[in-house]
$ cat query04.cif   # mmCIF, C-alpha atoms, pLDDT in the B column; chains and numbers go by the auth columns
data_start
loop_
_atom_site.group_PDB
_atom_site.id
_atom_site.type_symbol
_atom_site.label_atom_id
_atom_site.label_comp_id
_atom_site.label_asym_id
_atom_site.label_seq_id
_atom_site.Cartn_x
_atom_site.Cartn_y
_atom_site.Cartn_z
_atom_site.B_iso_or_equiv
_atom_site.auth_seq_id
_atom_site.auth_asym_id
ATOM 1 C CA ARG A 1 22.743 -94.151 -152.063 79.00 1 A
ATOM 2 C CA ASP A 2 21.876 -90.627 -153.236 90.00 2 A
ATOM 3 C CA LEU A 3 18.530 -90.687 -151.463 94.00 3 A
ATOM 4 C CA ARG A 4 20.171 -91.885 -148.265 95.00 4 A
ATOM 5 C CA ASN A 5 22.782 -89.123 -148.441 95.00 5 A
ATOM 6 C CA ARG A 6 20.129 -86.455 -149.094 95.00 6 A
ATOM 7 C CA ARG A 7 18.190 -87.644 -146.062 97.00 7 A
ATOM 8 C CA LEU A 8 21.335 -87.663 -143.955 97.00 8 A
ATOM 9 C CA LEU A 9 22.150 -84.103 -145.005 97.00 9 A
ATOM 10 C CA LYS A 10 18.612 -82.973 -144.112 98.00 10 A
ATOM 11 C CA LEU A 11 19.078 -84.578 -140.698 98.00 11 A
ATOM 12 C CA GLY A 12 22.419 -82.813 -140.400 97.00 12 A
ATOM 13 C CA GLU A 13 20.782 -79.448 -141.137 97.00 13 A
ATOM 14 C CA ILE A 14 18.330 -80.102 -138.306 98.00 14 A
ATOM 15 C CA TYR A 15 21.250 -80.838 -135.990 98.00 15 A
ATOM 16 C CA ILE A 16 22.907 -77.566 -136.993 96.00 16 A
ATOM 17 C CA GLN A 17 19.697 -75.617 -136.356 96.00 17 A
ATOM 18 C CA LYS A 18 19.551 -77.147 -132.879 97.00 18 A
ATOM 19 C CA LEU A 19 23.292 -76.443 -132.425 95.00 19 A
ATOM 20 C CA LYS A 20 24.016 -80.156 -132.061 97.00 20 A
ATOM 21 C CA LEU A 21 27.211 -79.687 -133.999 96.00 21 A
ATOM 22 C CA TYR A 22 29.072 -82.896 -133.291 95.00 22 A
ATOM 23 C CA PRO A 23 26.166 -85.113 -134.389 98.00 23 A
ATOM 24 C CA ALA A 24 25.967 -82.888 -137.496 98.00 24 A
ATOM 25 C CA ILE A 25 29.674 -83.462 -138.147 97.00 25 A
ATOM 26 C CA ALA A 26 29.158 -87.211 -137.762 98.00 26 A
ATOM 27 C CA VAL A 27 26.383 -87.021 -140.372 98.00 27 A
ATOM 28 C CA GLY A 28 28.678 -85.228 -142.812 97.00 28 A
ATOM 29 C CA GLN A 29 31.388 -87.796 -142.261 98.00 29 A
ATOM 30 C CA GLU A 30 28.897 -90.596 -142.886 97.00 30 A
ATOM 31 C CA VAL A 31 27.821 -89.008 -146.174 97.00 31 A
ATOM 32 C CA LEU A 32 31.442 -88.854 -147.340 98.00 32 A
ATOM 33 C CA LYS A 33 32.041 -92.417 -146.182 96.00 33 A
ATOM 34 C CA ASN A 34 29.162 -93.449 -148.463 94.00 34 A
ATOM 35 C CA ASP A 35 30.394 -91.299 -151.366 96.00 35 A
ATOM 36 C CA PHE A 36 33.688 -89.453 -151.045 96.00 36 A
ATOM 37 C CA LEU A 37 32.909 -87.480 -154.238 97.00 37 A
ATOM 38 C CA ASN A 38 29.732 -85.989 -152.751 97.00 38 A
ATOM 39 C CA GLU A 39 30.583 -82.307 -152.981 97.00 39 A
ATOM 40 C CA GLU A 40 27.507 -81.283 -151.022 97.00 40 A
ATOM 41 C CA GLY A 41 28.779 -83.498 -148.204 98.00 41 A
ATOM 42 C CA HIS A 42 32.145 -81.736 -148.268 98.00 42 A
ATOM 43 C CA ARG A 43 30.433 -78.334 -148.148 98.00 43 A
ATOM 44 C CA PHE A 44 28.217 -79.532 -145.322 98.00 44 A
ATOM 45 C CA LEU A 45 31.236 -80.591 -143.261 97.00 45 A
ATOM 46 C CA ILE A 46 32.986 -77.287 -143.958 97.00 46 A
ATOM 47 C CA LYS A 47 29.869 -75.470 -142.762 96.00 47 A
ATOM 48 C CA CYS A 48 29.676 -77.644 -139.624 97.00 48 A
ATOM 49 C CA TYR A 49 33.272 -76.914 -138.731 96.00 49 A
ATOM 50 C CA LEU A 50 32.718 -73.185 -139.257 94.00 50 A
ATOM 51 C CA VAL A 51 29.645 -73.120 -137.028 94.00 51 A
ATOM 52 C CA ALA A 52 31.576 -75.119 -134.410 94.00 52 A
ATOM 53 C CA GLY A 53 34.361 -72.523 -134.514 94.00 53 A
ATOM 54 C CA GLU A 54 36.847 -75.005 -135.954 95.00 54 A
ATOM 55 C CA LYS A 55 38.211 -72.927 -138.835 96.00 55 A
ATOM 56 C CA ALA A 56 41.358 -75.055 -139.270 96.00 56 A
ATOM 57 C CA ARG A 57 39.248 -78.197 -139.725 97.00 57 A
ATOM 58 C CA ALA A 58 37.028 -76.339 -142.215 97.00 58 A
ATOM 59 C CA VAL A 59 40.081 -75.316 -144.252 97.00 59 A
ATOM 60 C CA ASN A 60 41.445 -78.866 -144.102 97.00 60 A
ATOM 61 C CA GLN A 61 38.118 -80.248 -145.324 98.00 61 A
ATOM 62 C CA TYR A 62 38.166 -77.862 -148.267 97.00 62 A
ATOM 63 C CA LYS A 63 41.709 -78.933 -149.115 97.00 63 A
ATOM 64 C CA LYS A 64 40.680 -82.611 -148.938 97.00 64 A
ATOM 65 C CA CYS A 65 37.793 -81.893 -151.303 98.00 65 A
ATOM 66 C CA VAL A 66 40.106 -80.165 -153.789 98.00 66 A
ATOM 67 C CA GLU A 67 42.655 -82.993 -153.582 98.00 67 A
ATOM 68 C CA ILE A 68 40.001 -85.664 -154.144 98.00 68 A
ATOM 69 C CA TYR A 69 38.403 -83.840 -157.070 98.00 69 A
ATOM 70 C CA ARG A 70 41.717 -83.217 -158.765 97.00 70 A
ATOM 71 C CA ARG A 71 42.884 -86.798 -158.274 97.00 71 A
ATOM 72 C CA GLU A 72 39.627 -88.575 -159.119 97.00 72 A
ATOM 73 C CA LEU A 73 37.962 -86.214 -161.595 97.00 73 A
ATOM 74 C CA ASP A 74 40.829 -84.061 -162.865 97.00 74 A
ATOM 75 C CA CYS A 75 38.903 -80.896 -162.003 97.00 75 A
ATOM 76 C CA ASP A 76 38.337 -78.462 -159.176 97.00 76 A
ATOM 77 C CA PRO A 77 35.233 -78.376 -156.991 97.00 77 A
ATOM 78 C CA SER A 78 32.359 -76.113 -158.043 97.00 78 A
ATOM 79 C CA ASP A 79 32.250 -72.352 -157.677 97.00 79 A
ATOM 80 C CA GLU A 80 29.807 -72.810 -154.803 97.00 80 A
ATOM 81 C CA THR A 81 32.461 -74.717 -152.849 97.00 81 A
ATOM 82 C CA LEU A 82 35.100 -72.131 -153.739 96.00 82 A
ATOM 83 C CA LYS A 83 32.826 -69.327 -152.485 95.00 83 A
ATOM 84 C CA LEU A 84 32.415 -71.168 -149.193 94.00 84 A
ATOM 85 C CA TYR A 85 36.189 -71.467 -148.946 94.00 85 A
ATOM 86 C CA HIS A 86 36.577 -67.716 -149.460 94.00 86 A
ATOM 87 C CA LYS A 87 34.332 -67.196 -146.425 87.00 87 A
ATOM 88 C CA LEU A 88 36.976 -69.046 -144.385 84.00 88 A
ATOM 89 C CA LYS A 89 39.555 -66.336 -144.994 79.00 89 A
#

$ encode --input "query04.cif" --output "structure tokens"
Amino acid sequence: RDLRNRRLLKLGEIYIQKLKLYPAIAVGQEVLKNDFLNEEGHRFLIKCYLVAGEKARAVNQYKKCVEIYRRELDCDPSDETLKLYHKLK
């Protein structure tokens, strides 16, 4: 599962580079469908939404990540995810 998600995220990065943002978003959603605790997948989706100019969706994705981590792991996402969130402001 981890290998599959890593490959999907690499594919998603290629989509972003080619500005194929909606296929990139679909990749991020697929990663989270496979593993909803995949923090890299959450960050990837946040990044996709930012590049697509969808700031509200990026903020919502961050909030979902925080909610999931607090509920499932009783912790907050990593500092890396928090730094990405601060870029949204």

$ residues_around --input "query04.cif" --residues "Leu21 of chain A" --least-positions-apart "6" --cutoff "12 Å" --atoms "all atoms listed in the file" --output "JSON, numbers by chain"
{"A": [11, 12, 13, 14, 15, 27, 28, 44, 45, 46, 47, 48, 49, 50, 51, 52, 53, 54]}

$ atom_distance --input "query04.cif" --atom1 "atom CA of Asn60 of chain A" --atom2 "atom CA of Ile25 of chain A"
14.0 Å

$ atom_distance --input "query04.cif" --atom1 "atom CA of Asp74 of chain A" --atom2 "atom CA of Leu9 of chain A"
25.8 Å

$ closest_residue --input "query04.cif" --among "A:Ala56, A:Arg43, A:Lys64, A:Lys18" --to "Leu82 of chain A" --atoms "all atoms listed in the file"
A:Arg43

$ closest_residue --input "query04.cif" --among "A:Tyr85, A:Asp76, A:Leu19, A:Gly41" --to "Tyr62 of chain A" --atoms "only C-alpha atoms"
A:Tyr85

$ resolve_selection --input "query04.cif" --expression "the PyMOL selection byres ((chain A and resi 88) around 8)" --output "PyMOL selection string"
chain A and resi 50+55+58-59+84-87+89

$ closest_residue --input "query04.cif" --among "A:Leu37, A:Asn5, A:Gln17, A:Arg57" --to "Tyr69 of chain A" --atoms "all atoms listed in the file"
A:Leu37

$ atom_distance --input "query04.cif" --atom1 "atom CA of Glu39 of chain A" --atom2 "atom CA of Cys65 of chain A"
7.4 Å

$ residues_around --input "query04.cif" --residues "Val31 of chain A" --least-positions-apart "5" --cutoff "9 Å" --atoms "only C-alpha atoms" --output "ChimeraX atom specification"
/A:4-6,8-9,26,36,38,41-42
